[in-house]
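Have a look at work26.txt; it's compact mmCIF, C-alpha atoms (C1' of nucleotides):
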# COMPACT_ATOMS: atom_id res chain seq x y z
CA MET P 1 -3.16 20.97 -28.28
CA PHE P 2 -3.45 23.16 -25.21
CA ASP P 3 -7.20 22.76 -24.82
CA GLU P 4 -6.91 20.02 -22.24
CA LEU P 5 -4.46 22.16 -20.27
CA TYR P 6 -6.62 25.28 -20.35
CA GLN P 7 -9.57 23.22 -19.26
CA GLN P 8 -7.65 21.87 -16.29
CA LEU P 9 -6.36 25.30 -15.34
CA GLU P 10 -9.78 26.90 -15.57
CA GLU P 11 -11.24 24.36 -13.21
CA LYS P 12 -9.10 25.98 -10.52
CA ILE P 13 -8.25 29.51 -11.61
CA SER P 14 -9.44 32.03 -14.16
CA LEU P 15 -7.19 33.00 -17.03
CA SER P 16 -7.08 36.24 -19.02
CA GLU P 17 -6.60 36.11 -22.77
CA LYS P 18 -3.12 37.45 -22.16
CA ASP P 19 -2.37 34.54 -19.83
CA LYS P 20 -3.68 32.09 -22.39
CA ASN P 21 -1.50 33.51 -25.10
CA CYS P 22 1.52 33.49 -22.89
CA ILE P 23 1.24 30.06 -21.31
CA PRO P 24 2.08 27.93 -24.38
CA ASN P 25 5.46 29.62 -24.58
CA PHE P 26 6.54 27.88 -21.42
CA PHE P 27 5.75 24.38 -22.66
CA GLU P 28 7.30 22.01 -25.12
CA THR P 29 5.12 19.45 -26.88
CA LYS P 30 6.26 15.86 -27.11
CA PHE P 31 4.78 12.73 -28.63
CA LEU P 32 5.38 9.35 -27.07
CA ARG P 33 4.71 5.98 -28.65
CA LYS P 34 3.33 3.24 -26.45
CA LYS P 35 6.13 1.85 -24.26
CA GLN P 36 8.38 4.81 -24.92
CA LEU P 37 10.29 6.04 -21.88
CA LEU P 38 10.02 9.61 -20.64
CA LEU P 39 12.16 9.26 -17.53
CA GLN P 40 14.49 6.66 -16.14
CA ALA P 41 15.48 6.19 -12.51
CA GLY P 42 18.97 7.57 -11.96
CA GLU P 43 18.48 10.45 -14.37
CA TYR P 44 17.52 13.93 -13.26
CA CYS P 45 13.89 14.73 -13.79
CA ARG P 46 13.95 18.18 -15.35
CA THR P 47 10.31 18.58 -16.32
CA LEU P 48 6.73 18.35 -15.20
CA ALA P 49 4.69 16.54 -17.82
CA PHE P 50 1.06 17.31 -18.51
CA VAL P 51 -0.85 14.60 -20.37
CA SER P 52 -2.89 16.06 -23.27
CA THR P 53 -3.91 12.71 -24.74
CA GLY P 54 -3.02 9.10 -23.99
CA ALA P 55 -1.83 7.58 -20.74
CA LEU P 56 1.42 7.16 -18.84
CA LYS P 57 2.57 5.29 -15.80
CA SER P 58 5.21 6.17 -13.22
CA TYR P 59 6.80 3.35 -11.28
CA THR P 60 9.76 2.08 -9.31
CA ILE P 61 11.59 -1.17 -9.99
CA ASP P 62 12.65 -3.10 -6.90
CA GLU P 63 15.70 -5.27 -6.40
CA LYS P 64 13.80 -8.30 -7.67
CA GLY P 65 13.05 -6.45 -10.89
CA ILE P 66 9.38 -6.01 -10.09
CA GLU P 67 7.55 -2.85 -11.17
CA HIS P 68 5.53 -0.92 -8.61
CA ILE P 69 3.28 1.66 -10.20
CA SER P 70 2.93 4.86 -8.21
CA LEU P 71 0.69 6.74 -10.62
CA LEU P 72 -1.49 6.11 -13.64
CA ALA P 73 -1.90 9.39 -15.51
CA TRP P 74 -4.21 10.02 -18.43
CA GLU P 75 -5.66 13.17 -20.02
CA GLY P 76 -5.54 16.11 -17.64
CA TRP P 77 -3.01 14.62 -15.20
CA TRP P 78 0.46 15.79 -14.35
CA VAL P 79 3.21 13.25 -13.97
CA SER P 80 6.80 13.64 -12.83
CA ASP P 81 9.32 12.55 -10.25
CA PHE P 82 8.53 15.58 -8.09
CA LYS P 83 11.27 14.92 -5.60
CA SER P 84 13.86 14.88 -8.34
CA PHE P 85 12.30 17.83 -10.12
CA ILE P 86 12.15 19.97 -7.04
CA SER P 87 15.38 19.17 -5.29
CA ASP P 88 17.65 18.22 -8.18
CA GLU P 89 18.20 14.73 -6.86
CA LYS P 90 18.36 11.67 -9.04
CA ALA P 91 14.97 10.24 -9.92
CA ILE P 92 13.82 6.97 -8.41
CA LEU P 93 10.88 6.72 -10.77
CA PHE P 94 10.55 5.45 -14.30
CA ILE P 95 7.87 7.04 -16.45
CA ASP P 96 6.67 5.65 -19.74
CA ALA P 97 3.67 5.70 -22.05
CA ILE P 98 1.12 2.92 -21.88
CA GLU P 99 -0.68 4.36 -24.91
CA ASP P 100 0.48 6.62 -27.72
CA SER P 101 0.43 9.99 -25.99
CA GLU P 102 0.84 13.68 -26.44
CA ILE P 103 2.37 15.50 -23.50
CA LEU P 104 3.33 19.05 -22.62
CA LEU P 105 6.67 19.48 -20.89
CA LEU P 106 7.37 22.26 -18.40
CA SER P 107 11.04 22.66 -17.53
CA LYS P 108 12.08 23.79 -14.10
CA SER P 109 13.25 27.21 -15.21
CA ASN P 110 10.08 27.70 -17.19
CA TYR P 111 8.06 26.50 -14.20
CA GLU P 112 9.65 29.10 -11.98
CA GLN P 113 9.33 31.77 -14.63
CA LEU P 114 5.70 30.87 -15.19
CA LEU P 115 4.92 31.23 -11.49
CA ILE P 116 6.33 34.73 -11.65
CA GLU P 117 4.86 35.92 -14.93
CA VAL P 118 1.44 34.37 -14.39
CA PRO P 119 0.93 34.74 -10.66
CA SER P 120 -2.33 32.84 -10.62
CA MET P 121 -0.32 29.75 -11.61
CA GLU P 122 1.22 29.87 -8.14
CA ARG P 123 -2.32 29.48 -6.91
CA TYR P 124 -3.08 26.78 -9.47
CA PHE P 125 -0.17 24.65 -8.36
CA ARG P 126 -0.93 25.19 -4.70
CA ILE P 127 -4.46 23.92 -5.28
CA LEU P 128 -3.25 21.10 -7.50
CA TYR P 129 -0.80 19.93 -4.85
CA GLN P 130 -3.41 20.43 -2.16
CA ASN P 131 -5.86 18.17 -4.00
CA SER P 132 -3.21 15.62 -4.86
CA LEU P 133 -2.33 15.49 -1.20
CA VAL P 134 -5.89 14.66 -0.30
CA THR P 135 -6.00 11.92 -2.93
CA LYS P 136 -2.72 10.43 -1.80
CA ASP P 137 -3.87 10.57 1.80
CA ARG P 138 -6.97 8.61 0.94
CA ARG P 139 -4.93 6.14 -1.07
CA LEU P 140 -2.55 5.66 1.80
CA ILE P 141 -5.36 5.05 4.25
CA SER P 142 -6.92 2.66 1.77
CA SER P 143 -3.64 0.87 1.25
CA ASN P 144 -3.11 0.37 4.99
CA THR P 145 -6.71 -0.35 5.92
CA TYR P 146 -8.38 -2.44 3.30
CA THR P 147 -8.06 -5.91 1.85
CA ALA P 148 -7.12 -6.51 -1.78
CA GLU P 149 -10.78 -6.89 -2.66
CA GLU P 150 -11.81 -3.67 -0.95
CA LYS P 151 -8.99 -1.76 -2.61
CA TYR P 152 -9.93 -3.08 -6.03
CA ASN P 153 -13.61 -2.32 -5.65
CA HIS P 154 -12.84 1.12 -4.33
CA LEU P 155 -10.69 1.88 -7.35
CA LEU P 156 -13.42 0.74 -9.74
CA LYS P 157 -15.84 3.01 -7.95
CA MET P 158 -13.54 6.01 -8.34
CA TYR P 159 -12.60 5.30 -11.96
CA PRO P 160 -15.29 3.06 -13.46
CA PHE P 161 -13.71 3.10 -16.90
CA ILE P 162 -10.27 2.09 -15.66
CA SER P 163 -10.66 -1.63 -16.31
CA GLN P 164 -11.62 -0.92 -19.91
CA ARG P 165 -8.62 1.24 -20.48
CA ILE P 166 -5.79 0.01 -18.28
CA PRO P 167 -4.58 -3.61 -18.40
CA GLN P 168 -5.33 -5.55 -15.24
CA ILE P 169 -1.68 -6.27 -14.62
CA LEU P 170 -1.01 -2.52 -14.31
CA ILE P 171 -3.99 -1.98 -12.05
CA ALA P 172 -2.68 -4.77 -9.83
CA SER P 173 0.73 -3.14 -9.64
CA TYR P 174 -0.87 0.21 -8.84
CA LEU P 175 -2.81 -1.35 -5.96
CA GLY P 176 0.19 -3.28 -4.69
CA ILE P 177 -1.42 -6.66 -5.28
CA THR P 178 -1.02 -9.34 -7.95
CA THR P 179 -2.99 -9.81 -11.12
CA GLU P 180 -3.90 -13.34 -9.99
CA THR P 181 -5.55 -11.90 -6.90
CA ILE P 182 -7.65 -9.58 -9.06
CA SER P 183 -8.73 -12.53 -11.22
CA ARG P 184 -9.88 -14.31 -8.10
CA ILE P 185 -11.72 -11.24 -6.83
CA LYS P 186 -13.58 -10.95 -10.13
CA LYS P 187 -14.52 -14.62 -10.04
CA GLY P 188 -16.29 -13.90 -6.78
CA MET J 1 4.94 30.54 21.10
CA PHE J 2 5.32 31.37 17.42
CA ASP J 3 9.02 30.53 17.28
CA GLU J 4 8.48 27.05 15.93
CA LEU J 5 6.18 28.44 13.25
CA TYR J 6 8.58 31.18 12.17
CA GLN J 7 11.35 28.63 12.01
CA GLN J 8 9.29 26.40 9.75
CA LEU J 9 8.26 29.28 7.53
CA GLU J 10 11.78 30.58 7.19
CA GLU J 11 13.03 27.24 6.01
CA LYS J 12 10.98 27.84 2.88
CA ILE J 13 10.41 31.58 2.51
CA SER J 14 11.81 34.79 3.93
CA LEU J 15 9.69 36.96 6.18
CA SER J 16 9.86 40.70 6.76
CA GLU J 17 9.42 42.08 10.27
CA LYS J 18 6.07 43.34 9.13
CA ASP J 19 5.05 39.82 8.09
CA LYS J 20 6.19 38.46 11.43
CA ASN J 21 4.16 40.96 13.34
CA CYS J 22 1.13 40.31 11.22
CA ILE J 23 1.11 36.52 11.10
CA PRO J 24 0.16 35.83 14.74
CA ASN J 25 -3.10 37.70 14.22
CA PHE J 26 -4.32 34.96 11.95
CA PHE J 27 -3.78 32.18 14.45
CA GLU J 28 -5.49 31.05 17.61
CA THR J 29 -3.49 29.23 20.24
CA LYS J 30 -4.87 26.11 21.82
CA PHE J 31 -3.60 23.68 24.44
CA LEU J 32 -4.48 20.02 24.31
CA ARG J 33 -4.03 17.48 27.08
CA LYS J 34 -2.86 14.01 26.13
CA LYS J 35 -5.82 12.10 24.60
CA GLN J 36 -7.83 15.26 24.04
CA LEU J 37 -9.69 15.35 20.75
CA LEU J 38 -9.20 18.13 18.24
CA LEU J 39 -11.42 16.79 15.48
CA GLN J 40 -13.94 14.02 15.15
CA ALA J 41 -15.04 12.25 11.96
CA GLY J 42 -18.42 13.60 10.86
CA GLU J 43 -17.65 17.13 12.00
CA TYR J 44 -16.46 19.82 9.63
CA CYS J 45 -12.77 20.49 9.88
CA ARG J 46 -12.55 24.25 9.99
CA THR J 47 -8.87 24.74 10.76
CA LEU J 48 -5.34 23.82 9.87
CA ALA J 49 -3.40 23.02 13.02
CA PHE J 50 0.30 23.72 13.41
CA VAL J 51 2.03 21.81 16.20
CA SER J 52 4.21 24.11 18.35
CA THR J 53 5.00 21.52 21.01
CA GLY J 54 3.83 17.99 21.69
CA ALA J 55 2.48 15.43 19.25
CA LEU J 56 -0.84 14.54 17.64
CA LYS J 57 -2.18 11.73 15.53
CA SER J 58 -4.78 11.75 12.79
CA TYR J 59 -6.64 8.54 12.06
CA THR J 60 -9.72 6.82 10.71
CA ILE J 61 -11.77 4.24 12.56
CA ASP J 62 -13.03 1.36 10.46
CA GLU J 63 -16.27 -0.59 10.80
CA LYS J 64 -14.56 -3.04 13.17
CA GLY J 65 -13.62 -0.14 15.44
CA ILE J 66 -9.94 -0.34 14.57
CA GLU J 67 -7.84 2.84 14.36
CA HIS J 68 -5.74 3.46 11.27
CA ILE J 69 -3.28 6.28 11.76
CA SER J 70 -2.72 8.42 8.69
CA LEU J 71 -0.30 10.92 10.23
CA LEU J 72 1.90 11.35 13.28
CA ALA J 73 2.60 15.05 13.73
CA TRP J 74 4.99 16.58 16.21
CA GLU J 75 6.70 20.00 16.48
CA GLY J 76 6.78 21.79 13.16
CA TRP J 77 4.10 19.65 11.45
CA TRP J 78 0.71 20.66 10.17
CA VAL J 79 -2.23 18.39 10.76
CA SER J 80 -5.80 18.56 9.52
CA ASP J 81 -8.44 16.76 7.51
CA PHE J 82 -7.46 18.64 4.36
CA LYS J 83 -10.27 17.30 2.28
CA SER J 84 -12.82 18.51 4.79
CA PHE J 85 -11.00 21.80 5.31
CA ILE J 86 -10.76 22.57 1.63
CA SER J 87 -14.07 21.40 0.28
CA ASP J 88 -16.36 21.83 3.29
CA GLU J 89 -17.18 18.14 3.42
CA LYS J 90 -17.56 16.19 6.61
CA ALA J 91 -14.27 14.97 8.03
CA ILE J 92 -13.40 11.28 7.90
CA LEU J 93 -10.45 11.74 10.24
CA PHE J 94 -10.15 11.90 13.98
CA ILE J 95 -7.33 14.00 15.37
CA ASP J 96 -6.17 13.89 18.98
CA ALA J 97 -3.14 14.62 21.12
CA ILE J 98 -0.79 11.81 22.06
CA GLU J 99 1.16 14.16 24.32
CA ASP J 100 0.23 17.40 26.04
CA SER J 101 0.49 19.81 23.14
CA GLU J 102 0.37 23.42 22.11
CA ILE J 103 -1.08 24.07 18.69
CA LEU J 104 -1.79 27.07 16.48
CA LEU J 105 -5.10 27.05 14.67
CA LEU J 106 -5.64 28.70 11.31
CA SER J 107 -9.28 28.99 10.29
CA LYS J 108 -10.28 28.78 6.66
CA SER J 109 -11.18 32.44 6.35
CA ASN J 110 -7.94 33.40 8.03
CA TYR J 111 -6.06 31.00 5.78
CA GLU J 112 -7.47 32.65 2.71
CA GLN J 113 -6.91 36.11 4.12
CA LEU J 114 -3.35 35.22 5.07
CA LEU J 115 -2.59 34.07 1.53
CA ILE J 116 -3.73 37.46 0.30
CA GLU J 117 -2.15 39.70 2.91
CA VAL J 118 1.15 37.84 3.06
CA PRO J 119 1.64 36.69 -0.53
CA SER J 120 4.74 34.71 0.25
CA MET J 121 2.51 32.40 2.30
CA GLU J 122 0.95 31.28 -0.96
CA ARG J 123 4.43 30.19 -1.90
CA TYR J 124 5.01 28.62 1.50
CA PHE J 125 1.94 26.44 1.25
CA ARG J 126 2.67 25.47 -2.32
CA ILE J 127 6.12 24.30 -1.25
CA LEU J 128 4.72 22.63 1.87
CA TYR J 129 2.15 20.71 -0.17
CA GLN J 130 4.73 19.94 -2.81
CA ASN J 131 7.03 18.39 -0.21
CA SER J 132 4.22 16.58 1.53
CA LEU J 133 3.24 15.10 -1.81
CA VAL J 134 6.73 13.72 -2.24
CA THR J 135 6.67 12.22 1.24
CA LYS J 136 3.26 10.67 0.73
CA ASP J 137 4.35 9.29 -2.61
CA ARG J 138 7.30 7.60 -0.99
CA ARG J 139 5.09 6.25 1.78
CA LEU J 140 2.63 4.92 -0.73
CA ILE J 141 5.34 3.17 -2.71
CA SER J 142 6.74 1.80 0.53
CA SER J 143 3.33 0.66 1.67
CA ASN J 144 2.65 -1.19 -1.58
CA THR J 145 6.14 -2.53 -2.15
CA TYR J 146 7.73 -3.58 1.08
CA THR J 147 7.17 -6.20 3.75
CA ALA J 148 6.28 -5.26 7.30
CA GLU J 149 9.93 -5.57 8.28
CA GLU J 150 11.15 -3.34 5.47
CA LYS J 151 8.53 -0.73 6.24
CA TYR J 152 9.44 -0.67 9.90
CA ASN J 153 13.17 -0.44 9.28
CA HIS J 154 12.63 2.26 6.71
CA LEU J 155 10.61 4.31 9.19
CA LEU J 156 13.32 3.97 11.84
CA LYS J 157 15.86 5.17 9.33
CA MET J 158 13.79 8.26 8.52
CA TYR J 159 12.89 9.08 12.13
CA PRO J 160 15.44 7.38 14.40
CA PHE J 161 13.94 8.90 17.53
CA ILE J 162 10.41 7.78 16.76
CA SER J 163 10.52 4.59 18.79
CA GLN J 164 11.61 6.57 21.85
CA ARG J 165 8.78 8.99 21.52
CA ILE J 166 5.82 7.24 19.94
CA PRO J 167 4.34 4.05 21.45
CA GLN J 168 4.88 1.00 19.30
CA ILE J 169 1.18 0.36 18.99
CA LEU J 170 0.78 3.73 17.24
CA ILE J 171 3.75 3.12 14.98
CA ALA J 172 2.19 -0.19 14.01
CA SER J 173 -1.10 1.47 13.18
CA TYR J 174 0.73 4.12 11.14
CA LEU J 175 2.47 1.41 9.11
CA GLY J 176 -0.68 -0.62 8.67
CA ILE J 177 0.70 -3.61 10.56
CA THR J 178 0.17 -4.99 14.07
CA THR J 179 2.19 -4.34 17.19
CA GLU J 180 2.79 -8.09 17.49
CA THR J 181 4.46 -8.11 14.10
CA ILE J 182 6.78 -5.29 15.20
CA SER J 183 7.68 -7.24 18.33
CA ARG J 184 8.66 -10.18 16.17
CA ILE J 185 10.66 -7.99 13.82
CA LYS J 186 12.63 -6.57 16.74
CA LYS J 187 13.30 -10.05 18.10
CA GLY J 188 15.02 -10.79 14.83
C1' DC L 1 -2.66 -1.39 45.61
C1' DG L 2 -5.42 -1.82 41.63
C1' DT L 3 -6.03 -0.33 37.03
C1' DC L 4 -4.59 0.81 32.58
C1' DT L 5 -1.38 1.00 28.93
C1' DC L 6 2.00 -1.08 26.45
C1' DG L 7 4.97 -4.76 24.82
C1' DT L 8 6.06 -9.77 24.29
C1' DT L 9 5.24 -14.55 23.09
C1' DG L 10 2.83 -18.73 21.24
C1' DA L 11 -0.27 -21.31 18.25
C1' DG L 12 -3.54 -21.51 14.78
C1' DA L 13 -6.14 -19.20 11.01
C1' DG L 14 -6.61 -16.40 7.04
C1' DT L 15 -5.17 -13.81 3.13
C1' DT L 16 -2.25 -13.12 -0.51
C1' DT L 17 1.72 -14.53 -3.05
C1' DT L 18 4.48 -17.55 -5.75
C1' DC L 19 5.13 -20.79 -9.24
C1' DA L 20 3.49 -23.31 -13.02
C1' DA L 21 0.33 -24.49 -16.61
C1' DT L 22 -3.18 -23.11 -19.91
C1' DG L 23 -6.04 -20.19 -22.88
C1' DT L 24 -6.92 -16.24 -25.63
C1' DA L 25 -6.37 -12.05 -28.07
C1' DA L 26 -3.44 -8.96 -30.34
C1' DG L 27 0.68 -7.65 -33.00
C1' DT L 28 4.57 -8.64 -36.29
C1' DG L 29 7.20 -10.31 -40.04
C1' DG L 30 7.45 -13.39 -43.84
C1' DC B 1 -2.98 -13.85 -44.99
C1' DC B 2 -0.89 -17.11 -42.09
C1' DA B 3 2.48 -18.49 -38.63
C1' DC B 4 4.82 -17.04 -34.80
C1' DT B 5 5.60 -14.40 -30.96
C1' DT B 6 4.20 -11.52 -27.24
C1' DA B 7 1.04 -9.65 -23.90
C1' DC B 8 -2.52 -10.45 -20.82
C1' DA B 9 -5.92 -13.14 -18.04
C1' DT B 10 -7.28 -17.30 -15.63
C1' DT B 11 -6.86 -21.30 -12.63
C1' DG B 12 -4.78 -24.57 -9.24
C1' DA B 13 -1.85 -25.98 -5.41
C1' DA B 14 1.55 -25.02 -2.15
C1' DA B 15 4.22 -21.65 0.45
C1' DA B 16 4.89 -17.34 2.88
C1' DC B 17 3.58 -13.67 5.50
C1' DT B 18 0.81 -11.38 8.70
C1' DC B 19 -3.08 -11.40 11.63
C1' DT B 20 -6.03 -12.93 15.37
C1' DC B 21 -6.77 -14.46 19.78
C1' DA B 22 -5.18 -15.42 24.20
C1' DA B 23 -2.08 -15.28 28.00
C1' DC B 24 1.39 -13.02 30.54
C1' DG B 25 4.64 -9.43 32.31
C1' DA B 26 6.35 -4.79 33.20
C1' DG B 27 5.85 -0.09 34.13
C1' DA B 28 3.11 4.27 34.93
C1' DC B 29 -0.32 6.58 37.46
C1' DG B 30 -3.93 7.85 40.51
Starting from the coordinates I provided, produce the structure as structure tokens.
Amino acid sequence: MFDELYQQLEEKISLSEKDKNCIPNFFETKFLRKKQLLLQAGEYCRTLAFVSTGALKSYTIDEKGIEHISLLAWEGWWVSDFKSFISDEKAILFIDAIEDSEILLLSKSNYEQLLIEVPSMERYFRILYQNSLVTKDRRLISSNTYTAEEKYNHLLKMYPFISQRIPQILIASYLGITTETISRIKKG
Amino acid sequence: MFDELYQQLEEKISLSEKDKNCIPNFFETKFLRKKQLLLQAGEYCRTLAFVSTGALKSYTIDEKGIEHISLLAWEGWWVSDFKSFISDEKAILFIDAIEDSEILLLSKSNYEQLLIEVPSMERYFRILYQNSLVTKDRRLISSNTYTAEEKYNHLLKMYPFISQRIPQILIASYLGITTETISRIKKG
DNA sequence: CGTCTCGTTGAGAGTTTTCAATGTAAGTGG
DNA sequence: CCACTTACATTGAAAACTCTCAACGAGACG
């Protein structure tokens, strides 16, 4: 249940046995069925969610009712409306499961407590955010620089399995293009 | 010289007098003339740069020789090729001054030392990255969701002074659109 | 004064979207 | 197990948006 989490943590920091025993106390396990909502825009996002198994998507819905996916998160990823979580504002993101999933929830008070009681977690989150920043930076450059085709090919290169696992229509939304465009790219 | 930095730090953490006296030792001051390069793609980015006065831009150059600005940084902003800085890879970003500027450079070894000697800096950077993540997320959504006009208006709303200070051609590059398109948006 | 940077405008070209129709696979209830 | 619905992918044609290229004008600066 916590194996995936420990594995992620230990890629960035080292944990004592004491830490390992203590960490689960801060989390709450939750199971989501495919399509089940975790967060709705307008609510307050009170948790960080770590994906143990399955996959989730976070997205906005624009005034025309169109979904725009901001993140696809599978095993080992964190997903949340950070802005809402951090500053107690209303969320603008929806988050739901695109597969049956098991997630670990970290509430804000537990998050803050965890940073204090397991100081290396402060470091873990700094590094996590640091790396996420880099990824987002690259995505932003890619989004502003490349054509639909280049963006799609670049994504396949980064996550070769993604087209097996994630429906094309969601990939399209994630890249900010249409599923028809992807069809045409694949055709050549 | 360090006033801007202290101000930024104290928005997120509190500093003792001892901290304040110690912090400058980790930084190196540098002056850049307008157009002067701080970092070139292909080099190793060995510092984080904090902008005390002036303004810088970070950007990639694509195979057609076109600049794509990833960040516009003025007083109080940090700028760097984080990926290169963190993982000792070659930088893909260029960074140069768009105004005469004074910057504070933090080398990697000093960065790591600073996090140890002034533990609240670990917290500062976690919060900084956390907030940057939120900003980048919003930019990414905006970039994938909105038309050129919506992106431009949204930017003006966030930074009303930006069009006074930053040439339109750089704003265009930052938004991933052309300066001609901005001209047409302004015309109505 | 000449050069360089920056912004504006016009016309045509290119990319991607939109809308609509069709096909296929998967999931659900009788 | 079949019939029906739903989800997802493909294809075509027209429309929309933005870019490209080119010309021109204004202001800054040496």
>> Report, in Å with one decimal, the straight-line distance from CA of Glu67 in chain J to CA of Thr47 in chain J.
In response: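 Atom-to-atom, CA of Glu67 in chain J to CA of Thr47 in chain J, that is 22.2 Å.
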> Quick one, how far is CA of Ser107 in chain P from CA of Arg46 in chain P?
Replying inline: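 Separating CA of Ser107 in chain P from CA of Arg46 in chain P is a distance of 5.8 Å.
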>> I need the residue nearest Leu93 in chain P from this list: J:Leu72, J:Met158, J:Leu170, J:Val134. Use all atoms listed in the file for the distance.
In response: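 Looking only at the distances to Leu93 in chain P, the closest residue turns out to be J:Val134.
One distance worth recording is that between CA of Ile13 in chain P and CA of Asn25 in chain J, which is 27.6 Å.
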Proximity of chain B to chain P: per-residue shortest pair, 10 Å limit, all atoms listed in the file, as JSON lines:
{"residue": "B:DA7", "atom": "C1'", "partner": "P:Pro167", "partner_atom": "CA", "distance": 9.9}
{"residue": "B:DC8", "atom": "C1'", "partner": "P:Ile169", "partner_atom": "CA", "distance": 7.5}
{"residue": "B:DA9", "atom": "C1'", "partner": "P:Ser183", "partner_atom": "CA", "distance": 7.4}
{"residue": "B:DT10", "atom": "C1'", "partner": "P:Ser183", "partner_atom": "CA", "distance": 6.7}
{"residue": "B:DT11", "atom": "C1'", "partner": "P:Arg184", "partner_atom": "CA", "distance": 8.9}
Print the selection's residues with C-alpha atoms (C1' of nucleotides) to a file, as a CSV table (one decimal), in the coordinates of the input.
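Output contents, as saved in part.csv:
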chain,number,residue,atom,x,y,z
B,7,DA,C1',1.0,-9.6,-23.9
B,8,DC,C1',-2.5,-10.4,-20.8
B,9,DA,C1',-5.9,-13.1,-18.0
B,10,DT,C1',-7.3,-17.3,-15.6
B,11,DT,C1',-6.9,-21.3,-12.6
> Is there a way to get, as a PyMOL selection string, all residues within 7 Å of the point (0.7, 2.7, 0.7) in file coordinates, counting only C-alpha atoms (C1' of nucleotides)?
Replying inline: (chain P and resi 139-140+143-144) or (chain J and resi 139-144)
> Which of these, J:Pro160, J:Gly65, J:Gly54, J:Pro24, has the shortest distance to chain P once you count all atoms listed in the file?
Replying inline: J:Gly65
> Between P:Ser163, P:Ser70, P:Thr147, P:Ser80, which is the closest to chain L once you count all atoms listed in the file?
Replying inline: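 Under the stated criterion, the closest residue is P:Thr147.
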Compile a residue-level contact table for chain J against chain P at a cut-off of 9 Å, reporting for every qualifying residue the shortest atom pair and its distance in Å to one decimal, with all atoms listed in the file counted, rows ordered by chain and ascending number, as a tab-separated table.
residue	atom	partner	partner_atom	distance
J:Tyr59	CA	P:Ile141	CA	8.6
J:Thr60	CA	P:Ile141	CA	8.0
J:Asp62	CA	P:Thr145	CA	8.0
J:His68	CA	P:Thr145	CA	6.6
J:Ile69	CA	P:Ile141	CA	7.9
J:Ser70	CA	P:Ile141	CA	6.2
J:Asp81	CA	P:Val134	CA	8.5
J:Phe82	CA	P:Val134	CA	6.3
J:Lys83	CA	P:Val134	CA	5.7
J:Ile86	CA	P:Gln130	CA	8.5
J:Glu122	CA	P:Arg123	CA	7.0
J:Arg123	CA	P:Glu122	CA	7.0
J:Phe125	CA	P:Arg126	CA	6.7
J:Arg126	CA	P:Arg126	CA	4.3
J:Ile127	CA	P:Arg126	CA	7.9
J:Tyr129	CA	P:Tyr129	CA	5.6
J:Gln130	CA	P:Tyr129	CA	5.9
J:Asn131	CA	P:Lys83	CA	7.7
J:Ser132	CA	P:Leu133	CA	7.2
J:Leu133	CA	P:Leu133	CA	5.6
J:Val134	CA	P:Lys83	CA	5.8
J:Thr135	CA	P:Lys83	CA	8.7
J:Lys136	CA	P:Lys136	CA	6.5
J:Asp137	CA	P:Lys136	CA	7.2
J:Arg138	CA	P:Ser70	CA	8.9
J:Arg139	CA	P:Leu140	CA	7.7
J:Leu140	CA	P:Leu140	CA	5.8
J:Ile141	CA	P:Ser70	CA	6.2
J:Ser143	CA	P:Ser143	CA	7.0
J:Asn144	CA	P:Gly176	CA	4.5
J:Thr145	CA	P:Gly176	CA	6.5
J:Ser173	CA	P:Asn144	CA	8.5
J:Tyr174	CA	P:Asn144	CA	8.2
J:Leu175	CA	P:Asn144	CA	7.0
J:Gly176	CA	P:Asn144	CA	4.5
J:Ile177	CA	P:Asn144	CA	7.8
>> Given all atoms listed in the file as the basis, pick out the residue of L:DT16, L:DT28, L:DT22, L:DT5 nearest to chain P.
In response: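 Closest residue, counting all atoms listed in the file: L:DT16.
Point (5.0, 7.4, -27.0) has the following residues at most 8 Å away: Phe31, Leu32, Arg33, Lys34, Lys35, Gln36, Leu37, Asp96, Ala97, Ile98, Glu99, Asp100, Ser101 and Glu102 of chain P (atoms considered: all atoms listed in the file).
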> Quick one: of J:Glu150, J:Glu89, J:Glu17, J:Glu112, who's nearest to Glu43 in chain J, counting only C-alpha atoms?
Replying inline: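 Checking each of J:Glu150, J:Glu89, J:Glu17, J:Glu112 against Glu43 in chain J, counting only C-alpha atoms, the winner is J:Glu89.
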List every residue of chain L that has an atom at most 10 Å from any atom of chain J, giving for each one its closest atom pair and the distance in Å to one decimal, counting all atoms listed in the file, sorted by chain and then by ascending residue number, as a tab-separated table.
residue	atom	partner	partner_atom	distance
L:DT5	C1'	J:Pro167	CA	9.9
L:DC6	C1'	J:Pro167	CA	7.5
L:DG7	C1'	J:Ser183	CA	7.5
L:DT8	C1'	J:Ser183	CA	6.7
L:DT9	C1'	J:Arg184	CA	8.9
>> Neighbouring residues of range 12-22 of chain B were defined as those with any atom within 10 Å, considering only C-alpha atoms (C1' of nucleotides); residues of the same chain fewer than 4 positions away were excluded. Please report them as an MDAnalysis selection string.
In response: (chainID J and resid 147:148 177:178 180:181) or (chainID L and resid 10:21)
From the coordinates supplied, range 145-155 of chain P should be written with C-alpha atoms, as a compact mmCIF listing (two decimals), in the first residue's frame.
# COMPACT_ATOMS: atom_id res chain seq x y z
CA THR P 145 7.37 26.59 -29.58
CA TYR P 146 6.26 23.47 -31.33
CA THR P 147 3.55 22.43 -33.74
CA ALA P 148 0.88 19.90 -32.81
CA GLU P 149 2.89 17.16 -34.46
CA GLU P 150 6.10 18.03 -32.65
CA LYS P 151 4.30 18.20 -29.32
CA TYR P 152 2.69 14.82 -29.87
CA ASN P 153 5.90 13.12 -30.93
CA HIS P 154 7.75 14.66 -28.04
CA LEU P 155 5.20 13.31 -25.59
